[in-house]
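J.: Quick one, query_37.pdb (PDB, C-alpha atoms):
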```
ATOM      1  CA  MET A   1      25.448 -55.166 -51.799
ATOM      2  CA  LYS A   2      22.258 -53.748 -50.314
ATOM      3  CA  PHE A   3      20.659 -50.488 -51.384
ATOM      4  CA  PHE A   4      19.003 -47.776 -49.326
ATOM      5  CA  ILE A   5      17.414 -44.671 -50.812
ATOM      6  CA  ASP A   6      18.702 -41.341 -49.524
ATOM      7  CA  THR A   7      15.660 -39.077 -49.425
ATOM      8  CA  ALA A   8      12.709 -37.883 -47.353
ATOM      9  CA  ASN A   9      10.402 -37.721 -50.363
ATOM     10  CA  VAL A  10       7.787 -40.438 -49.868
ATOM     11  CA  GLU A  11       6.887 -40.586 -53.549
ATOM     12  CA  GLU A  12      10.498 -41.357 -54.483
ATOM     13  CA  ILE A  13      10.614 -43.992 -51.747
ATOM     14  CA  LYS A  14       7.436 -45.620 -53.070
ATOM     15  CA  LYS A  15       8.804 -45.742 -56.629
ATOM     16  CA  ALA A  16      12.116 -47.296 -55.567
ATOM     17  CA  ASN A  17      10.392 -49.751 -53.244
ATOM     18  CA  GLU A  18       8.011 -50.887 -55.997
ATOM     19  CA  MET A  19      11.020 -51.711 -58.192
ATOM     20  CA  GLY A  20      12.285 -54.056 -55.461
ATOM     21  CA  ILE A  21      15.628 -52.290 -55.326
ATOM     22  CA  ILE A  22      15.798 -50.859 -51.820
ATOM     23  CA  CYS A  23      15.658 -52.429 -48.378
ATOM     24  CA  GLY A  24      16.123 -49.291 -46.285
ATOM     25  CA  VAL A  25      16.023 -45.492 -46.179
ATOM     26  CA  THR A  26      18.375 -42.786 -44.952
ATOM     27  CA  THR A  27      17.301 -39.233 -44.212
ATOM     28  CA  ASN A  28      18.878 -36.192 -42.616
ATOM     29  CA  PRO A  29      17.634 -32.804 -41.348
ATOM     30  CA  SER A  30      18.342 -31.151 -44.717
ATOM     31  CA  LEU A  31      16.284 -33.723 -46.632
ATOM     32  CA  ILE A  32      13.412 -33.441 -44.130
ATOM     33  CA  ALA A  33      13.517 -29.629 -44.310
ATOM     34  CA  LYS A  34      13.403 -29.808 -48.111
ATOM     35  CA  GLU A  35      10.030 -31.565 -47.858
ATOM     36  CA  GLY A  36       8.671 -28.872 -45.510
ATOM     37  CA  ARG A  37       7.078 -31.434 -43.208
ATOM     38  CA  ASP A  38       7.282 -32.479 -39.564
ATOM     39  CA  PHE A  39      10.181 -34.866 -38.860
ATOM     40  CA  LYS A  40       8.220 -37.508 -36.947
ATOM     41  CA  GLU A  41       5.352 -37.372 -39.424
ATOM     42  CA  VAL A  42       7.694 -38.094 -42.337
ATOM     43  CA  ILE A  43       9.524 -40.892 -40.530
ATOM     44  CA  LYS A  44       6.267 -42.569 -39.520
ATOM     45  CA  GLU A  45       5.011 -42.482 -43.112
ATOM     46  CA  ILE A  46       8.276 -43.952 -44.407
ATOM     47  CA  THR A  47       7.927 -46.880 -41.983
ATOM     48  CA  THR A  48       4.606 -47.766 -43.637
ATOM     49  CA  ILE A  49       6.322 -48.032 -47.043
ATOM     50  CA  VAL A  50       9.651 -49.771 -46.377
ATOM     51  CA  ASP A  51      10.030 -52.679 -43.965
ATOM     52  CA  GLY A  52      13.697 -52.202 -43.239
ATOM     53  CA  PRO A  53      16.222 -49.903 -41.551
ATOM     54  CA  ILE A  54      15.204 -46.241 -41.629
ATOM     55  CA  SER A  55      17.747 -43.682 -40.449
ATOM     56  CA  GLY A  56      16.519 -40.543 -38.691
ATOM     57  CA  GLU A  57      19.124 -38.051 -37.516
ATOM     58  CA  VAL A  58      19.336 -36.134 -34.256
ATOM     59  CA  LYS A  59      19.110 -32.359 -34.659
ATOM     60  CA  ALA A  60      22.363 -30.544 -35.451
ATOM     61  CA  THR A  61      21.776 -28.381 -32.378
ATOM     62  CA  THR A  62      21.842 -31.473 -30.157
ATOM     63  CA  THR A  63      25.524 -31.778 -29.286
ATOM     64  CA  LYS A  64      25.873 -32.965 -25.671
ATOM     65  CA  ALA A  65      25.968 -36.711 -25.057
ATOM     66  CA  GLU A  66      23.086 -36.701 -22.579
ATOM     67  CA  ASP A  67      20.914 -34.688 -24.982
ATOM     68  CA  ILE A  68      21.807 -36.914 -27.930
ATOM     69  CA  ILE A  69      20.852 -39.981 -25.883
ATOM     70  CA  LYS A  70      17.521 -38.467 -24.883
ATOM     71  CA  GLU A  71      16.624 -37.426 -28.428
ATOM     72  CA  ALA A  72      17.839 -40.745 -29.869
ATOM     73  CA  ARG A  73      15.531 -42.655 -27.539
ATOM     74  CA  GLU A  74      12.590 -40.544 -28.713
ATOM     75  CA  ILE A  75      13.450 -41.159 -32.374
ATOM     76  CA  ALA A  76      13.941 -44.893 -31.790
ATOM     77  CA  ASN A  77      10.507 -45.131 -30.170
ATOM     78  CA  ILE A  78       8.812 -44.134 -33.428
ATOM     79  CA  ASN A  79       9.235 -47.637 -34.884
ATOM     80  CA  PRO A  80      11.342 -50.791 -34.265
ATOM     81  CA  ASN A  81      13.054 -50.322 -37.661
ATOM     82  CA  ILE A  82      14.448 -46.898 -36.786
ATOM     83  CA  VAL A  83      18.208 -46.367 -36.841
ATOM     84  CA  VAL A  84      19.402 -43.154 -35.170
ATOM     85  CA  LYS A  85      21.955 -41.149 -37.155
ATOM     86  CA  ILE A  86      24.575 -39.450 -34.997
ATOM     87  CA  PRO A  87      27.527 -37.357 -36.251
ATOM     88  CA  ILE A  88      31.033 -38.500 -35.368
ATOM     89  CA  THR A  89      32.043 -36.411 -32.338
ATOM     90  CA  ALA A  90      33.361 -37.315 -28.889
ATOM     91  CA  ASP A  91      29.892 -36.756 -27.417
ATOM     92  CA  GLY A  92      28.379 -38.655 -30.310
ATOM     93  CA  LEU A  93      30.544 -41.682 -29.526
ATOM     94  CA  LYS A  94      29.587 -41.483 -25.843
ATOM     95  CA  ALA A  95      25.947 -41.549 -26.876
ATOM     96  CA  VAL A  96      26.457 -44.455 -29.297
ATOM     97  CA  ASN A  97      28.156 -46.437 -26.533
ATOM     98  CA  VAL A  98      25.156 -46.008 -24.239
ATOM     99  CA  LEU A  99      22.524 -46.519 -26.933
ATOM    100  CA  SER A 100      24.118 -49.694 -28.308
ATOM    101  CA  LYS A 101      23.910 -51.276 -24.853
ATOM    102  CA  GLU A 102      20.209 -50.430 -24.799
ATOM    103  CA  GLY A 103      19.680 -52.189 -28.125
ATOM    104  CA  ILE A 104      19.124 -48.974 -30.084
ATOM    105  CA  LYS A 105      20.634 -49.138 -33.572
ATOM    106  CA  THR A 106      22.874 -46.272 -34.628
ATOM    107  CA  ASN A 107      24.348 -44.935 -37.851
ATOM    108  CA  VAL A 108      27.436 -42.814 -37.232
ATOM    109  CA  THR A 109      27.565 -40.267 -40.019
ATOM    110  CA  LEU A 110      29.920 -37.688 -41.542
ATOM    111  CA  ILE A 111      32.810 -40.168 -41.639
ATOM    112  CA  PHE A 112      35.805 -38.889 -43.606
ATOM    113  CA  ASN A 113      38.659 -41.144 -42.497
ATOM    114  CA  SER A 114      39.083 -44.788 -41.553
ATOM    115  CA  THR A 115      39.992 -44.043 -37.929
ATOM    116  CA  GLN A 116      36.664 -42.305 -37.389
ATOM    117  CA  ALA A 117      34.929 -45.404 -38.757
ATOM    118  CA  LEU A 118      36.966 -47.712 -36.516
ATOM    119  CA  PHE A 119      36.224 -45.648 -33.401
ATOM    120  CA  ALA A 120      32.501 -45.579 -34.256
ATOM    121  CA  ALA A 121      32.498 -49.361 -34.665
ATOM    122  CA  LYS A 122      34.292 -49.834 -31.352
ATOM    123  CA  ALA A 123      31.717 -47.596 -29.652
ATOM    124  CA  GLY A 124      28.989 -49.951 -30.869
ATOM    125  CA  ALA A 125      27.674 -48.370 -34.071
ATOM    126  CA  THR A 126      25.415 -50.587 -36.162
ATOM    127  CA  TYR A 127      26.423 -48.688 -39.294
ATOM    128  CA  VAL A 128      29.056 -46.143 -40.324
ATOM    129  CA  SER A 129      28.480 -43.713 -43.190
ATOM    130  CA  PRO A 130      31.633 -42.571 -45.030
ATOM    131  CA  PHE A 131      30.919 -39.719 -47.478
ATOM    132  CA  LEU A 132      32.882 -40.530 -50.625
ATOM    133  CA  GLY A 133      31.255 -37.896 -52.859
ATOM    134  CA  ARG A 134      32.237 -35.025 -50.592
ATOM    135  CA  LEU A 135      35.833 -36.276 -50.588
ATOM    136  CA  ASP A 136      35.776 -36.360 -54.384
ATOM    137  CA  ASP A 137      34.615 -32.728 -54.275
ATOM    138  CA  ILE A 138      37.913 -31.720 -52.660
ATOM    139  CA  ALA A 139      40.036 -33.771 -55.076
ATOM    140  CA  THR A 140      40.486 -36.693 -52.673
ATOM    141  CA  PRO A 141      39.451 -40.108 -54.088
ATOM    142  CA  GLY A 142      36.543 -41.065 -51.859
ATOM    143  CA  ILE A 143      36.551 -44.686 -52.956
ATOM    144  CA  ASN A 144      39.928 -45.146 -51.238
ATOM    145  CA  LEU A 145      38.192 -44.534 -47.927
ATOM    146  CA  ILE A 146      35.641 -47.290 -48.582
ATOM    147  CA  GLU A 147      38.471 -49.686 -49.430
ATOM    148  CA  GLU A 148      40.396 -48.794 -46.249
ATOM    149  CA  ILE A 149      37.396 -49.206 -43.955
ATOM    150  CA  SER A 150      36.415 -52.496 -45.621
ATOM    151  CA  GLU A 151      39.910 -53.899 -45.155
ATOM    152  CA  ILE A 152      40.135 -52.817 -41.507
ATOM    153  CA  PHE A 153      36.733 -54.269 -40.674
ATOM    154  CA  ARG A 154      37.667 -57.563 -42.370
ATOM    155  CA  ASN A 155      40.984 -57.707 -40.527
ATOM    156  CA  TYR A 156      39.294 -57.554 -37.147
ATOM    157  CA  ASP A 157      35.985 -59.271 -37.973
ATOM    158  CA  ILE A 158      34.011 -56.115 -37.171
ATOM    159  CA  SER A 159      30.274 -56.553 -37.724
ATOM    160  CA  THR A 160      29.475 -52.846 -38.180
ATOM    161  CA  GLU A 161      28.145 -52.353 -41.709
ATOM    162  CA  ILE A 162      29.510 -49.742 -44.105
ATOM    163  CA  ILE A 163      26.906 -47.459 -45.686
ATOM    164  CA  CYS A 164      28.536 -45.772 -48.679
ATOM    165  CA  ALA A 165      27.053 -42.271 -48.570
ATOM    166  CA  SER A 166      27.216 -39.115 -50.681
ATOM    167  CA  ILE A 167      26.852 -41.221 -53.822
ATOM    168  CA  ARG A 168      26.808 -38.999 -56.901
ATOM    169  CA  SER A 169      26.767 -41.378 -59.866
ATOM    170  CA  PRO A 170      26.318 -44.977 -61.063
ATOM    171  CA  LEU A 171      30.128 -45.210 -61.175
ATOM    172  CA  HIS A 172      30.252 -44.585 -57.431
ATOM    173  CA  ILE A 173      27.920 -47.531 -56.862
ATOM    174  CA  ALA A 174      30.039 -49.916 -58.943
ATOM    175  CA  GLN A 175      33.197 -48.724 -57.205
ATOM    176  CA  CYS A 176      31.652 -49.204 -53.753
ATOM    177  CA  ALA A 177      30.515 -52.715 -54.621
ATOM    178  CA  LEU A 178      34.030 -53.610 -55.774
ATOM    179  CA  ALA A 179      35.542 -51.975 -52.672
ATOM    180  CA  GLY A 180      33.477 -54.111 -50.305
ATOM    181  CA  GLY A 181      30.873 -51.616 -49.092
ATOM    182  CA  ASP A 182      27.895 -53.350 -47.474
ATOM    183  CA  ILE A 183      25.280 -50.793 -48.462
ATOM    184  CA  ALA A 184      24.978 -47.900 -50.893
ATOM    185  CA  THR A 185      22.498 -45.179 -49.981
ATOM    186  CA  VAL A 186      21.487 -43.521 -53.205
ATOM    187  CA  PRO A 187      19.400 -40.491 -54.269
ATOM    188  CA  TYR A 188      16.466 -41.365 -56.507
ATOM    189  CA  LYS A 189      17.976 -39.509 -59.492
ATOM    190  CA  VAL A 190      21.039 -41.792 -59.329
ATOM    191  CA  ILE A 191      18.762 -44.853 -59.199
ATOM    192  CA  GLU A 192      17.175 -43.602 -62.430
ATOM    193  CA  GLN A 193      20.607 -43.059 -63.992
ATOM    194  CA  CYS A 194      21.618 -46.627 -63.124
ATOM    195  CA  ILE A 195      18.646 -48.061 -64.996
ATOM    196  CA  LYS A 196      19.167 -46.063 -68.168
ATOM    197  CA  HIS A 197      21.730 -46.653 -70.920
ATOM    198  CA  PRO A 198      21.657 -45.274 -74.484
ATOM    199  CA  LEU A 199      22.251 -48.725 -75.979
ATOM    200  CA  THR A 200      19.298 -50.089 -73.980
ATOM    201  CA  ASP A 201      17.110 -47.315 -75.415
ATOM    202  CA  ILE A 202      18.335 -48.066 -78.941
ATOM    203  CA  GLY A 203      17.693 -51.784 -78.458
ATOM    204  CA  ILE A 204      14.164 -51.217 -77.132
ATOM    205  CA  GLU A 205      13.359 -48.915 -80.065
ATOM    206  CA  LYS A 206      14.681 -51.493 -82.556
ATOM    207  CA  PHE A 207      12.652 -54.287 -80.952
ATOM    208  CA  ARG A 208       9.570 -52.028 -81.030
ATOM    209  CA  LYS A 209       9.981 -51.343 -84.712
ATOM    210  CA  ASP A 210      10.596 -55.031 -85.487
ATOM    211  CA  SER A 211       7.481 -55.989 -83.517
ATOM    212  CA  GLU A 212       5.392 -53.566 -85.550
TER     213      GLU A 212
END
```
Write the structure described by the file as structure tokens, please.
T.:
Amino acid sequence: MKFFIDTANVEEIKKANEMGIICGVTTNPSLIAKEGRDFKEVIKEITTIVDGPISGEVKATTTKAEDIIKEAREIANINPNIVVKIPITADGLKAVNVLSKEGIKTNVTLIFNSTQALFAAKAGATYVSPFLGRLDDIATPGINLIEEISEIFRNYDISTEIICASIRSPLHIAQCALAGGDIATVPYKVIEQCIKHPLTDIGIEKFRKDSE
């Protein structure tokens, strides 16, 4: 399994990249807005830190296929590693179909059922992003969705990669790896949680005392 970091905070990206954990970055308008910076400025800076796929999303107000295509081309021109995030809508799929033929990589986001993922893949999406955490929030086991999409893609030898999104805990990561997800995109706080364990802390303290 590959790991992306889900953030627009460049300091968090630097820390994760220095650990050798991540090979890509996902952002969205909410994460960019949280940083209070210009979208293109942030994306350009991220490309200088991580040499891998970097997802930048079209604006939520961009809903027509022709407008999505135009904006996606502008985002893709920022850097060769850019992947354009597009929500799963009929117009979104039309745009993905056009963009994929132009060689522009896309990440179809806000996936909540396996049919949406299959349609996105058929339209030419490079990645699909099912949101398991948000399903868990409404008492629906999100990991079941990852398992379904993985099985469907295996059945038909579909090359579209599954980005497990809306990850809330280290348990989610382990579940996604077992379910066959290709990538987990993870907030920095969850990366920190994955590294820590109380027994590790106890062991380090014991070794420290023994060394002294």
J.: Give me the result of the PyMOL selection byres ((chain A and resi 32) around 10) on this file, residue by residue, as an MDAnalysis selection string.
T.: chainID A and resid 7:9 27:31 33:40 42:43 56:57
J.: May I ask for the distance between CA of Lys15 in chain A and CA of Phe207 in chain A, given in Å to one decimal place?
T.: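 According to the coordinates, CA of Lys15 in chain A and CA of Phe207 in chain A are separated by 26.1 Å.
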J.: What residues come out when you apply the PyMOL selection byres ((chain A and resi 173) around 10) to this file, written as a list in words?
T.: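 Taken on the displayed file, the PyMOL selection byres ((chain A and resi 173) around 10) yields the residues Met1, Phe3, Ile143, Cys164, Ala165, Ile167, Arg168, Ser169, Pro170, Leu171, His172, Ala174, Gln175, Cys176, Ala177, Leu178, Ala179, Gly181, Ile183, Ala184, Thr185, Val186, Val190, Ile191 and Cys194 of chain A.
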J.: Using all atoms listed in the file, which residues of range 101-212 of chain A come within 10 Å of range 66-79 of chain A, and what is the closest atom pair for each, with the distance in Å to one decimal? Give it as CSV, sorted by chain and residue number.
T.:
```
residue,atom,partner,partner_atom,distance
A:Glu102,CA,A:Arg73,CA,9.5
A:Gly103,CA,A:Ala76,CA,10.0
A:Ile104,CA,A:Ala76,CA,6.8
A:Lys105,CA,A:Ala76,CA,8.1
A:Thr106,CA,A:Ala72,CA,8.9
```
J.: Calculate how many Å separate CA of Pro87 in chain A from CA of Thr48 in chain A, rounding to one decimal.
T.: 26.2 Å
J.: Given the PyMOL selection byres ((chain A and resi 120-127) around 10) and the file above, list the residues it selects as a ChimeraX atom specification.
T.: /A:83-90,92-101,103-109,111,114-119,128-130,153,158-163,182-183
J.: My list of candidates is A:Thr200, A:Glu148, A:Tyr188, A:Glu41. Which is closest to Asn17 in chain A when distances are computed with all atoms listed in the file?
T.: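 Using all atoms listed in the file, Asn17 in chain A sits closest to A:Tyr188.
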J.: In Å, with one decimal, what is the gap from CA of Arg134 in chain A to CA of Glu192 in chain A?
T.: 21.0 Å
J.: Restricting the calculation to all atoms listed in the file, which member of A:Asn155, A:Asn113, A:Thr47, A:Thr26 is positioned closest to Thr140 in chain A?
T.: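 Using all atoms listed in the file, the shortest distance to Thr140 in chain A belongs to A:Asn113.
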J.: Considering only C-alpha atoms, can you say which of A:Glu11, A:Thr63, A:Pro198, A:Cys23 comes closest to Glu45 in chain A?
T.: A:Glu11
